[in-house]
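A.B. asks: Enclosed is the structure file coords33.cif (mmCIF, C-alpha atoms).
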```cif
data_protein
#
loop_
_atom_site.label_atom_id
_atom_site.label_comp_id
_atom_site.auth_asym_id
_atom_site.auth_seq_id
_atom_site.Cartn_x
_atom_site.Cartn_y
_atom_site.Cartn_z
CA LEU A 18 6.49 -9.53 -14.74
CA LEU A 19 6.46 -6.02 -13.40
CA VAL A 20 4.28 -5.73 -10.30
CA LEU A 21 2.71 -2.49 -9.16
CA VAL A 22 4.00 -1.39 -5.79
CA GLY A 23 0.53 -0.41 -4.61
CA THR A 24 -0.83 -3.92 -5.05
CA VAL A 25 1.33 -5.46 -2.36
CA SER A 26 1.46 -4.25 1.19
CA CYS A 27 4.02 -6.62 2.71
CA THR A 28 6.90 -8.72 1.52
CA LEU A 29 6.50 -12.46 1.53
CA PHE A 30 7.60 -14.17 4.74
CA LEU A 31 9.74 -16.70 2.94
CA ALA A 32 11.82 -14.10 1.10
CA VAL A 33 12.44 -11.36 3.62
CA ASN A 34 16.19 -11.11 3.27
CA GLY A 35 16.41 -9.52 -0.17
CA LEU A 36 18.32 -10.74 -3.22
CA TYR A 37 21.81 -9.47 -2.37
CA SER A 38 24.29 -10.07 0.45
CA ALA A 39 27.42 -8.44 1.83
CA SER A 40 29.58 -10.82 -0.23
CA ASP A 41 28.29 -9.34 -3.50
CA ASP A 42 29.77 -6.32 -5.25
CA VAL A 43 26.26 -4.84 -5.29
CA ILE A 44 25.97 -2.26 -2.50
CA GLU A 45 22.80 -2.62 -0.40
CA LEU A 46 21.17 0.81 -0.03
CA THR A 47 18.64 1.83 2.62
CA PRO A 48 17.05 5.11 3.79
CA THR A 49 19.85 5.25 6.38
CA ASN A 50 22.82 5.20 3.99
CA PHE A 51 21.32 6.33 0.66
CA ASN A 52 22.02 10.04 1.07
CA LYS A 53 25.63 9.56 2.15
CA GLU A 54 26.45 6.78 -0.34
CA VAL A 55 24.66 8.08 -3.43
CA ILE A 56 23.51 11.71 -3.19
CA GLN A 57 26.71 13.08 -1.61
CA SER A 58 28.94 10.90 -3.79
CA GLU A 59 31.09 12.08 -6.68
CA ASN A 60 30.62 8.70 -8.33
CA LEU A 61 28.20 7.66 -11.02
CA TRP A 62 25.65 5.23 -9.55
CA LEU A 63 23.37 2.62 -11.08
CA VAL A 64 20.66 1.74 -8.57
CA GLU A 65 18.12 -1.07 -8.89
CA PHE A 66 14.87 -0.75 -6.93
CA TYR A 67 13.52 -4.29 -6.47
CA ALA A 68 11.15 -6.54 -4.53
CA PRO A 69 12.37 -9.97 -3.36
CA TRP A 70 9.20 -11.73 -4.60
CA CYS A 71 9.35 -10.19 -8.09
CA GLY A 72 10.18 -12.80 -10.74
CA HIS A 73 11.83 -10.28 -13.11
CA CYS A 74 13.97 -9.01 -10.21
CA GLN A 75 15.09 -12.55 -9.42
CA ARG A 76 16.06 -13.12 -13.05
CA LEU A 77 17.95 -9.80 -13.13
CA THR A 78 19.92 -10.56 -9.93
CA PRO A 79 22.78 -12.65 -11.44
CA GLU A 80 23.18 -10.15 -14.31
CA TRP A 81 23.20 -7.22 -11.87
CA LYS A 82 25.87 -8.95 -9.75
CA LYS A 83 28.03 -9.65 -12.83
CA ALA A 84 27.73 -6.02 -13.93
CA ALA A 85 28.64 -4.81 -10.42
CA THR A 86 31.77 -6.96 -10.38
CA ALA A 87 32.80 -5.80 -13.85
CA LEU A 88 32.25 -2.12 -12.94
CA LYS A 89 33.96 -2.33 -9.54
CA GLY A 90 36.12 0.74 -9.00
CA VAL A 91 34.63 2.41 -12.08
CA VAL A 92 30.90 2.85 -11.49
CA LYS A 93 29.00 2.15 -8.25
CA VAL A 94 26.21 -0.41 -8.51
CA GLY A 95 23.58 -0.52 -5.77
CA ALA A 96 20.24 -2.10 -4.93
CA VAL A 97 17.28 -1.01 -2.81
CA ASP A 98 14.70 -3.46 -1.45
CA ALA A 99 11.87 -1.05 -2.30
CA ASP A 100 9.25 -3.41 -0.91
CA LYS A 101 10.92 -3.14 2.50
CA HIS A 102 11.85 0.54 2.05
CA GLN A 103 8.76 1.87 0.30
CA SER A 104 9.48 5.46 1.35
CA LEU A 105 12.75 5.42 -0.60
CA GLY A 106 11.11 3.90 -3.65
CA GLY A 107 8.30 6.46 -3.44
CA GLN A 108 10.80 9.31 -3.22
CA TYR A 109 12.12 8.34 -6.66
CA GLY A 110 8.74 7.57 -8.24
CA VAL A 111 9.23 3.81 -8.27
CA ARG A 112 5.91 2.24 -9.26
CA GLY A 113 7.03 -1.13 -10.55
CA PHE A 114 9.81 -3.67 -10.17
CA PRO A 115 12.56 -3.75 -11.14
CA THR A 116 13.19 -0.03 -11.74
CA ILE A 117 16.76 1.04 -12.50
CA LYS A 118 17.89 4.64 -12.01
CA ILE A 119 21.13 6.31 -13.09
CA PHE A 120 22.46 8.92 -10.66
CA GLY A 121 25.05 11.08 -12.46
CA ALA A 122 26.54 14.52 -11.86
CA ASN A 123 23.17 15.98 -10.88
CA LYS A 124 22.09 13.55 -8.17
CA ASN A 125 18.74 15.33 -7.82
CA LYS A 126 17.81 14.42 -11.37
CA ALA A 127 18.12 10.65 -11.70
CA GLU A 128 17.31 9.17 -15.10
CA ASP A 129 15.42 5.96 -15.79
CA TYR A 130 17.44 3.18 -17.36
CA GLN A 131 15.37 1.49 -20.07
CA GLY A 132 18.03 -0.71 -21.65
CA GLY A 133 18.42 -4.47 -21.77
CA ARG A 134 18.54 -6.67 -18.67
CA THR A 135 21.82 -8.43 -19.48
CA SER A 136 25.12 -7.63 -17.77
CA ASP A 137 26.57 -6.56 -21.15
CA ALA A 138 23.76 -4.05 -21.76
CA ILE A 139 24.00 -2.70 -18.20
CA VAL A 140 27.79 -2.25 -18.44
CA ASP A 141 27.47 -0.55 -21.85
CA ALA A 142 24.91 1.93 -20.50
CA ALA A 143 27.05 2.62 -17.42
CA LEU A 144 30.15 3.34 -19.50
CA SER A 145 28.16 5.52 -21.91
CA ALA A 146 26.75 7.51 -18.99
CA LEU A 147 30.22 7.75 -17.42
CA ARG A 148 31.71 9.07 -20.65
CA SER A 149 29.01 11.77 -20.80
CA LEU A 150 29.64 12.70 -17.18
CA VAL A 151 33.40 13.05 -17.76
CA LYS A 152 32.80 15.14 -20.91
CA GLU A 153 30.48 17.42 -18.89
CA ARG A 154 33.25 17.95 -16.35
CA LEU A 155 35.83 18.52 -19.07
CA HIS A 156 33.74 21.36 -20.50
CA GLY A 157 32.97 22.82 -17.10
CA ARG A 158 29.35 21.68 -16.86
CA SER A 159 28.15 19.71 -13.88
CA GLY A 160 24.39 19.84 -14.28
CA GLY A 161 23.77 16.26 -15.29
CA TYR A 162 24.50 13.91 -18.12
CA SER A 163 22.70 11.73 -20.57
CA SER A 164 23.54 8.30 -21.84
CA GLY A 165 23.44 7.89 -25.59
CA LYS A 166 20.21 5.87 -25.47
CA GLN A 167 18.44 8.33 -23.23
CA SER A 168 19.44 11.37 -25.30
CA ARG A 169 18.12 9.81 -28.48
CA GLU A 170 14.82 9.05 -26.79
CA SER A 171 14.46 12.54 -25.36
CA GLY A 172 15.23 14.07 -28.73
CA GLY A 173 12.00 12.93 -30.33
CA GLY A 174 12.21 9.26 -29.42
CA ASP A 175 12.76 6.13 -31.46
CA LYS A 176 9.19 5.27 -32.38
CA LYS A 177 9.96 1.91 -34.02
CA ASP A 178 7.78 -0.02 -31.54
CA VAL A 179 4.80 2.37 -31.60
CA ILE A 180 2.25 1.00 -34.08
CA GLU A 181 0.66 3.71 -36.22
CA LEU A 182 -3.04 2.99 -36.78
CA THR A 183 -5.49 4.52 -39.27
CA ASP A 184 -9.22 4.42 -40.03
CA ASP A 185 -8.49 1.57 -42.46
CA SER A 186 -6.12 -0.52 -40.32
CA PHE A 187 -7.63 -0.08 -36.85
CA ASP A 188 -10.35 -2.74 -36.82
CA LYS A 189 -8.33 -5.58 -38.33
CA ASN A 190 -5.46 -4.94 -35.89
CA VAL A 191 -7.23 -4.03 -32.65
CA ILE A 192 -10.82 -5.28 -32.58
CA ASN A 193 -11.00 -8.99 -31.67
CA SER A 194 -7.23 -9.10 -31.16
CA ASP A 195 -6.15 -11.46 -28.40
CA ASP A 196 -3.56 -8.86 -27.37
CA VAL A 197 -4.10 -5.82 -25.18
CA TRP A 198 -3.81 -2.48 -26.98
CA MET A 199 -3.02 0.91 -25.45
CA VAL A 200 -3.85 3.49 -28.12
CA GLU A 201 -2.87 7.17 -27.98
CA PHE A 202 -5.06 9.55 -29.99
CA TYR A 203 -2.99 12.65 -30.74
CA ALA A 204 -2.83 15.82 -32.79
CA PRO A 205 0.50 16.85 -34.37
CA TRP A 206 0.15 20.46 -33.15
CA CYS A 207 -0.61 19.48 -29.53
CA GLY A 208 2.16 20.40 -27.06
CA HIS A 209 1.16 17.76 -24.51
CA CYS A 210 1.28 15.14 -27.26
CA LYS A 211 4.83 16.20 -28.16
CA ASN A 212 5.84 15.89 -24.51
CA LEU A 213 4.30 12.42 -24.33
CA GLU A 214 5.87 11.19 -27.57
CA PRO A 215 9.35 10.17 -26.25
CA GLU A 216 7.79 8.61 -23.13
CA TRP A 217 5.30 6.63 -25.24
CA ALA A 218 8.08 5.50 -27.61
CA ALA A 219 10.38 4.36 -24.80
CA ALA A 220 7.50 2.59 -23.03
CA ALA A 221 6.50 0.82 -26.26
CA THR A 222 9.94 -0.77 -26.58
CA GLU A 223 10.09 -1.89 -22.96
CA VAL A 224 6.53 -3.22 -22.94
CA LYS A 225 7.07 -5.13 -26.18
CA GLU A 226 10.12 -6.82 -24.67
CA GLN A 227 8.60 -7.63 -21.28
CA THR A 228 5.24 -8.89 -22.54
CA LYS A 229 6.64 -10.57 -25.68
CA GLY A 230 4.32 -8.40 -27.76
CA LYS A 231 1.16 -9.31 -25.85
CA VAL A 232 0.57 -5.66 -24.90
CA LYS A 233 0.92 -3.23 -27.79
CA LEU A 234 1.30 0.55 -27.74
CA ALA A 235 -0.16 2.36 -30.74
CA ALA A 236 -0.88 5.88 -31.94
CA VAL A 237 -3.63 7.45 -34.07
CA ASP A 238 -3.38 10.89 -35.64
CA ALA A 239 -6.92 11.98 -34.76
CA THR A 240 -6.78 15.00 -37.07
CA VAL A 241 -6.38 12.69 -40.09
CA ASN A 242 -8.35 9.64 -38.91
CA GLN A 243 -11.53 11.47 -37.98
CA MET A 244 -13.78 8.39 -38.23
CA LEU A 245 -11.91 6.80 -35.33
CA ALA A 246 -11.84 10.04 -33.37
CA SER A 247 -15.58 10.36 -33.79
CA ARG A 248 -16.31 6.70 -32.98
CA TYR A 249 -14.45 6.91 -29.66
CA GLY A 250 -15.56 10.43 -28.74
CA ILE A 251 -12.08 11.96 -28.74
CA ARG A 252 -12.41 15.57 -27.63
CA GLY A 253 -8.99 16.37 -26.19
CA PHE A 254 -5.38 15.43 -26.87
CA PRO A 255 -3.68 13.23 -26.03
CA THR A 256 -6.37 10.70 -25.11
CA ILE A 257 -5.24 7.16 -24.33
CA LYS A 258 -7.67 4.25 -24.48
CA ILE A 259 -7.20 0.60 -23.52
CA PHE A 260 -8.70 -2.08 -25.78
CA GLN A 261 -9.15 -5.68 -24.62
CA LYS A 262 -10.95 -8.46 -26.46
CA GLY A 263 -14.62 -8.71 -25.57
CA GLU A 264 -14.65 -5.54 -23.47
CA ASP A 265 -15.57 -1.92 -24.11
CA PRO A 266 -12.55 0.38 -24.37
CA VAL A 267 -11.64 2.25 -21.18
CA ASP A 268 -9.73 5.49 -20.68
CA TYR A 269 -6.20 5.35 -19.33
CA ASP A 270 -5.98 8.04 -16.68
CA GLY A 271 -2.57 7.26 -15.19
CA GLY A 272 0.67 9.22 -15.27
CA ARG A 273 2.35 10.24 -18.51
CA THR A 274 5.91 9.12 -17.76
CA ARG A 275 7.34 6.00 -19.36
CA SER A 276 7.51 4.27 -15.95
CA ASP A 277 3.80 5.02 -15.32
CA ILE A 278 2.86 3.71 -18.76
CA ILE A 279 5.03 0.60 -18.43
CA ALA A 280 3.62 -0.18 -14.98
CA ARG A 281 0.03 -0.03 -16.23
CA ALA A 282 0.84 -2.06 -19.34
CA LEU A 283 2.46 -4.81 -17.32
CA ASP A 284 -0.41 -4.83 -14.86
CA LEU A 285 -2.78 -5.32 -17.82
CA PHE A 286 -0.51 -8.10 -19.05
CA SER A 287 -0.61 -9.96 -15.73
CA ASP A 288 -4.41 -9.55 -15.56
CA ASN A 289 -4.73 -11.20 -18.97
CA ALA A 290 -1.98 -13.79 -18.60
CA PRO A 291 -3.09 -17.41 -18.40
CA PRO A 292 -2.76 -19.13 -15.04
CA PRO A 293 0.49 -21.03 -14.50
CA GLU A 294 0.69 -24.66 -15.53
CA LEU A 295 -0.09 -27.33 -12.95
CA LEU A 296 2.56 -30.03 -13.49
CA GLU A 297 2.87 -33.56 -12.17
CA ILE A 298 6.27 -34.34 -10.65
CA ILE A 299 7.27 -37.15 -13.02
CA ASN A 300 11.04 -36.56 -12.78
CA GLU A 301 13.67 -34.39 -11.13
CA ASP A 302 13.75 -31.86 -13.94
CA VAL A 303 10.07 -30.94 -13.49
CA LEU A 304 10.60 -30.22 -9.79
CA LYS A 305 13.87 -28.33 -10.11
CA SER A 306 13.00 -26.25 -13.17
CA THR A 307 9.70 -25.18 -11.62
CA CYS A 308 10.97 -24.43 -8.14
CA ASP A 309 14.17 -22.70 -9.32
CA ALA A 310 12.26 -20.46 -11.73
CA HIS A 311 9.66 -19.23 -9.23
CA GLN A 312 9.75 -17.42 -5.92
CA LEU A 313 7.61 -20.17 -4.39
CA CYS A 314 6.51 -23.56 -5.65
CA ILE A 315 3.26 -24.95 -4.30
CA ILE A 316 3.51 -28.75 -4.05
CA SER A 317 0.45 -30.93 -3.43
CA VAL A 318 0.57 -34.61 -2.54
CA LEU A 319 -2.73 -36.19 -3.54
CA PRO A 320 -4.14 -39.51 -2.31
CA HIS A 321 -3.38 -42.69 -4.22
CA ILE A 322 -5.58 -43.12 -7.28
CA LEU A 323 -7.16 -46.25 -5.76
CA ASP A 324 -8.38 -44.13 -2.84
CA THR A 325 -10.05 -41.43 -4.93
CA GLY A 326 -10.56 -42.64 -8.49
CA ALA A 327 -10.23 -40.24 -11.41
CA SER A 328 -13.17 -38.03 -10.41
CA GLY A 329 -11.85 -37.53 -6.88
CA ARG A 330 -8.37 -36.69 -8.12
CA ASN A 331 -9.71 -34.27 -10.71
CA SER A 332 -11.69 -32.45 -8.05
CA TYR A 333 -8.46 -31.87 -6.10
CA LEU A 334 -6.67 -30.73 -9.27
CA ASP A 335 -9.55 -28.35 -10.02
CA VAL A 336 -9.11 -26.73 -6.59
CA MET A 337 -5.39 -26.24 -7.32
CA LEU A 338 -6.12 -24.78 -10.76
CA LYS A 339 -8.56 -22.28 -9.25
CA MET A 340 -5.96 -21.22 -6.71
CA ALA A 341 -3.29 -20.95 -9.43
CA GLU A 342 -5.63 -18.60 -11.31
CA LYS A 343 -6.39 -16.58 -8.19
CA TYR A 344 -2.71 -16.12 -7.32
CA LYS A 345 -1.29 -15.95 -10.86
CA LYS A 346 0.14 -12.46 -10.30
CA LYS A 347 2.43 -13.95 -7.68
CA MET A 348 4.17 -15.98 -10.39
CA TRP A 349 4.40 -19.11 -8.28
CA GLY A 350 5.02 -22.60 -9.63
CA TRP A 351 2.38 -25.32 -9.10
CA LEU A 352 3.18 -29.04 -8.80
CA TRP A 353 1.52 -32.25 -7.65
CA THR A 354 2.42 -35.87 -7.05
CA GLU A 355 0.69 -39.00 -5.81
CA ALA A 356 1.10 -40.20 -2.24
CA GLY A 357 4.04 -42.62 -2.07
CA ALA A 358 5.41 -41.78 -5.53
CA GLN A 359 7.99 -39.37 -4.09
CA SER A 360 8.30 -40.59 -0.50
CA ASP A 361 11.74 -38.94 0.02
CA LEU A 362 10.27 -35.59 -0.98
CA GLU A 363 7.33 -36.11 1.37
CA SER A 364 9.72 -36.82 4.25
CA SER A 365 11.84 -33.74 3.54
CA LEU A 366 8.69 -31.59 3.66
CA GLY A 367 7.15 -33.25 6.70
CA ILE A 368 4.17 -34.42 4.64
CA GLY A 369 2.12 -37.47 5.55
CA GLY A 370 1.54 -36.84 9.23
CA PHE A 371 -1.68 -34.99 8.49
CA GLY A 372 -2.82 -37.51 5.89
CA TYR A 373 -3.61 -36.79 2.24
CA PRO A 374 -4.14 -34.57 0.35
CA ALA A 375 -1.35 -32.37 1.69
CA MET A 376 0.27 -29.15 0.49
CA ALA A 377 3.60 -27.37 1.04
CA ALA A 378 4.82 -23.96 -0.18
CA VAL A 379 8.55 -24.18 -0.84
CA ASN A 380 11.12 -21.42 -1.27
CA ALA A 381 13.86 -23.28 -3.18
CA ARG A 382 16.38 -20.44 -2.85
CA LYS A 383 16.19 -20.52 0.94
CA MET A 384 15.22 -24.21 1.15
CA LYS A 385 12.40 -23.42 3.53
CA PHE A 386 8.78 -24.54 3.43
CA ALA A 387 5.41 -23.97 5.05
CA LEU A 388 2.72 -26.64 5.41
CA LEU A 389 -1.01 -26.33 4.86
CA LYS A 390 -2.59 -27.13 8.22
CA GLY A 391 -6.19 -26.36 7.24
CA SER A 392 -8.50 -28.12 4.83
CA PHE A 393 -7.50 -28.92 1.24
CA SER A 394 -10.30 -26.73 -0.14
CA GLU A 395 -10.55 -23.39 -1.90
CA GLN A 396 -11.19 -21.71 1.44
CA GLY A 397 -8.46 -23.57 3.32
CA ILE A 398 -5.79 -23.14 0.65
CA ASN A 399 -6.72 -19.50 0.07
CA GLU A 400 -6.29 -18.79 3.78
CA PHE A 401 -2.93 -20.60 3.79
CA LEU A 402 -1.57 -18.70 0.78
CA ARG A 403 -2.98 -15.37 1.93
CA GLU A 404 -1.25 -15.77 5.30
CA LEU A 405 2.05 -16.44 3.54
CA SER A 406 1.55 -13.42 1.28
CA VAL A 407 1.32 -11.04 4.23
CA GLY A 408 4.26 -12.47 6.11
CA ARG A 409 2.50 -14.76 8.54
CA GLY A 410 2.68 -18.51 9.01
CA SER A 411 5.46 -20.73 10.32
CA THR A 412 8.25 -22.11 8.14
CA ALA A 413 10.81 -24.87 8.55
CA PRO A 414 13.99 -25.85 6.69
CA VAL A 415 13.67 -28.52 4.02
CA GLY A 416 14.97 -31.81 5.45
CA GLY A 417 18.61 -32.30 4.49
CA GLY A 418 18.88 -28.70 3.26
CA ALA A 419 18.20 -29.69 -0.37
CA PHE A 420 15.63 -31.49 -2.45
CA PRO A 421 16.06 -35.28 -2.14
CA LYS A 422 16.32 -37.72 -5.03
CA ILE A 423 13.25 -37.55 -7.25
CA HIS A 424 12.11 -40.79 -8.88
CA SER A 425 11.05 -40.87 -12.52
CA VAL A 426 7.46 -42.10 -12.76
CA GLU A 427 4.91 -42.56 -15.50
CA PRO A 428 2.50 -39.60 -15.74
CA TRP A 429 -1.06 -40.22 -14.65
CA ASP A 430 -3.15 -41.40 -17.59
CA GLY A 431 -6.30 -39.70 -16.31
CA LYS A 432 -8.03 -43.00 -15.57
CA ASP A 433 -9.21 -44.79 -12.45
CA GLY A 434 -6.52 -46.97 -10.94
CA GLU A 435 -6.55 -50.74 -11.21
CA LEU A 436 -5.60 -53.23 -8.52
CA PRO A 437 -2.52 -55.28 -9.45
CA VAL A 438 -3.44 -58.57 -11.09
CA GLU A 439 -2.57 -61.62 -8.95
CA ASP A 440 -1.83 -65.03 -10.47
CA ASP A 441 -4.86 -67.33 -10.14
CA ILE A 442 -4.14 -70.72 -8.53
CA ASP A 443 -6.08 -73.52 -10.22
CA LEU A 444 -6.92 -76.24 -7.64
CA SER A 445 -9.28 -78.20 -9.91
CA ASP A 446 -6.77 -80.98 -10.63
CA VAL A 447 -5.60 -81.41 -7.06
CA ASP A 448 -7.09 -84.32 -5.07
CA LEU A 449 -7.34 -82.95 -1.60
CA ASP A 450 -7.85 -86.46 -0.18
CA ASP A 451 -4.57 -87.62 -1.70
CA LEU A 452 -2.80 -84.61 -0.18
CA GLY A 453 -3.93 -85.74 3.24
CA LYS A 454 -2.72 -89.34 2.66
CA ASP A 455 0.74 -88.13 1.60
CA GLU A 456 1.14 -86.32 4.84
CA LEU A 457 0.39 -89.41 6.77
#
```
Please lay out the structure from this file as structure tokens.

C.D. replies:
Amino acid sequence: LLVLVGTVSCTLFLAVNGLYSASDDVIELTPTNFNKEVIQSENLWLVEFYAPWCGHCQRLTPEWKKAATALKGVVKVGAVDADKHQSLGGQYGVRGFPTIKIFGANKNKAEDYQGGRTSDAIVDAALSALRSLVKERLHGRSGGYSSGKQSRESGGGDKKDVIELTDDSFDKNVINSDDVWMVEFYAPWCGHCKNLEPEWAAAATEVKEQTKGKVKLAAVDATVNQMLASRYGIRGFPTIKIFQKGEDPVDYDGGRTRSDIIARALDLFSDNAPPPELLEIINEDVLKSTCDAHQLCIISVLPHILDTGASGRNSYLDVMLKMAEKYKKKMWGWLWTEAGAQSDLESSLGIGGFGYPAMAAVNARKMKFALLKGSFSEQGINEFLRELSVGRGSTAPVGGGAFPKIHSVEPWDGKDGELPVEDDIDLSDVDLDDLGKDEL
């Protein structure tokens, strides 16, 4: 999920070292070396601006590394930790993560890459851009280049993902829709509308892909559909309005570039996304799939069911669900287990010494964790997670450097626990007097 740069002031403490290392073919770029490596270079560069805590950036990392290796010696592939180097990201108008820029012959006019996030798509775009750059040189022009995809978009745009709405179709599509709609009201003769058109079209495709269609970009010809224009008080063009179920429409007053539009759309998507699932650790797959897929996984160890009963356990789960909702933009994973069910995991995370319930925030990539030292309450957990979010709080390596063996257990049935049934001993037929005589 794309995260607006302005919403986060510091990188997370558990992920400070970025997503790339010196052993990769991806070249780490910083304000110190960017000018020399990229701007003064004769090479074509693909540069990713990322944040270590961004889930989409983490998913892009292996593809970006594969593309860098494939393009080695042909096209330079770099990466900027724009959360750490915000000045560099700001210089190139980076408002969301990941943002990929193509630096060609004219290094002062980088172009946004809006293609797919697979290594194949990245390599194809790089080679297309390289071919254009070489052709420019062949014909004696050095003032930039354009990849095939970009040139098509700038020449009117491929509007296949912009939904055209009319007086007749608007209500059944938009009103009461569970999706978020960003609707542009335009006039065909309006110059600003024509300038916006390719940006809107490119943004529509990217937003559709990244939100799986949950945020839709649409357009209304206000000169033809005058009922709609009148209903929403459209007096100037283009006017963009945001429609969300159960709320009055609001004006979009952000920037008019595709990156601005995409950033706002994805922010709307994260605002409306459901909170992450809270899963019980019933086997190894639940733990690994959750912790590997998220920047952090928050693991709670709750008291035994006989100590709390169903109502007590549910109250703890409710606290976790509220925190998952509060921090859903962080895209963390949320897990719980019962005290004693995963004793090896407890030991590796230093849990148990403070009693139960207990909580640990684990970075599976670094195999480090932080423990909740305060109360297991909304206030205590919020303070714990907030401290982590701004780079404070102490961490320790996971015992053994990896997750221990996870035992498969039956999921909680939602009921109060029952004491194990002991075999009753029937003494009614035993003559205690006879027992005494035998001993004599």

A.B. asks: Evaluate the PyMOL selection byres ((chain A and resi 273) around 9) here and jot the selected residues down as an MDAnalysis selection string.

C.D. replies: chainID A and resid 212:213 216:217 270:272 274:278

A.B. asks: For each of A:Gln108, A:Ser394, A:Thr47, A:Ser247, take the minimum atom-to-atom distance to Lys339 of chain A, counting all atoms listed in the file, then give the residue where this is smallest.

C.D. replies: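 With all atoms listed in the file as the atom set, the closest residue is A:Ser394.
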
A.B. asks: Rounded to one decimal in Å, what is the spacing between atom CA of Leu295 of chain A and atom CA of Lys225 of chain A?

C.D. replies: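 Separating atom CA of Leu295 of chain A from atom CA of Lys225 of chain A is a distance of 26.8 Å.
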
A.B. asks: Could you tell me, as number ranges by chain, which residues have any atom at most 12 Å from (-4.6, -22.5, -11.3), counting all atoms listed in the file?

C.D. replies: A: 290-296, 315, 333-352, 395, 399

A.B. asks: Go ahead and compute the interatomic distance for atom CA of Phe286 of chain A and atom CA of Thr228 of chain A, in Å to one decimal.

C.D. replies: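 Taking atom CA of Phe286 of chain A as the start and atom CA of Thr228 of chain A as the end point, the length is 6.8 Å.
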
A.B. asks: Please, what distance in Å, to one decimal, runs between atom CA of Ala282 of chain A and atom CA of Ile251 of chain A?

C.D. replies: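 About the pair atom CA of Ala282 of chain A and atom CA of Ile251 of chain A: they are 21.3 Å apart.
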
A.B. asks: When you count all atoms listed in the file, which of these residues is closest to Trp70 of chain A: A:Val426, A:Ala138, A:Leu388, A:Leu36?

C.D. replies: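 Of all the options, A:Leu36 lies closest to Trp70 of chain A.
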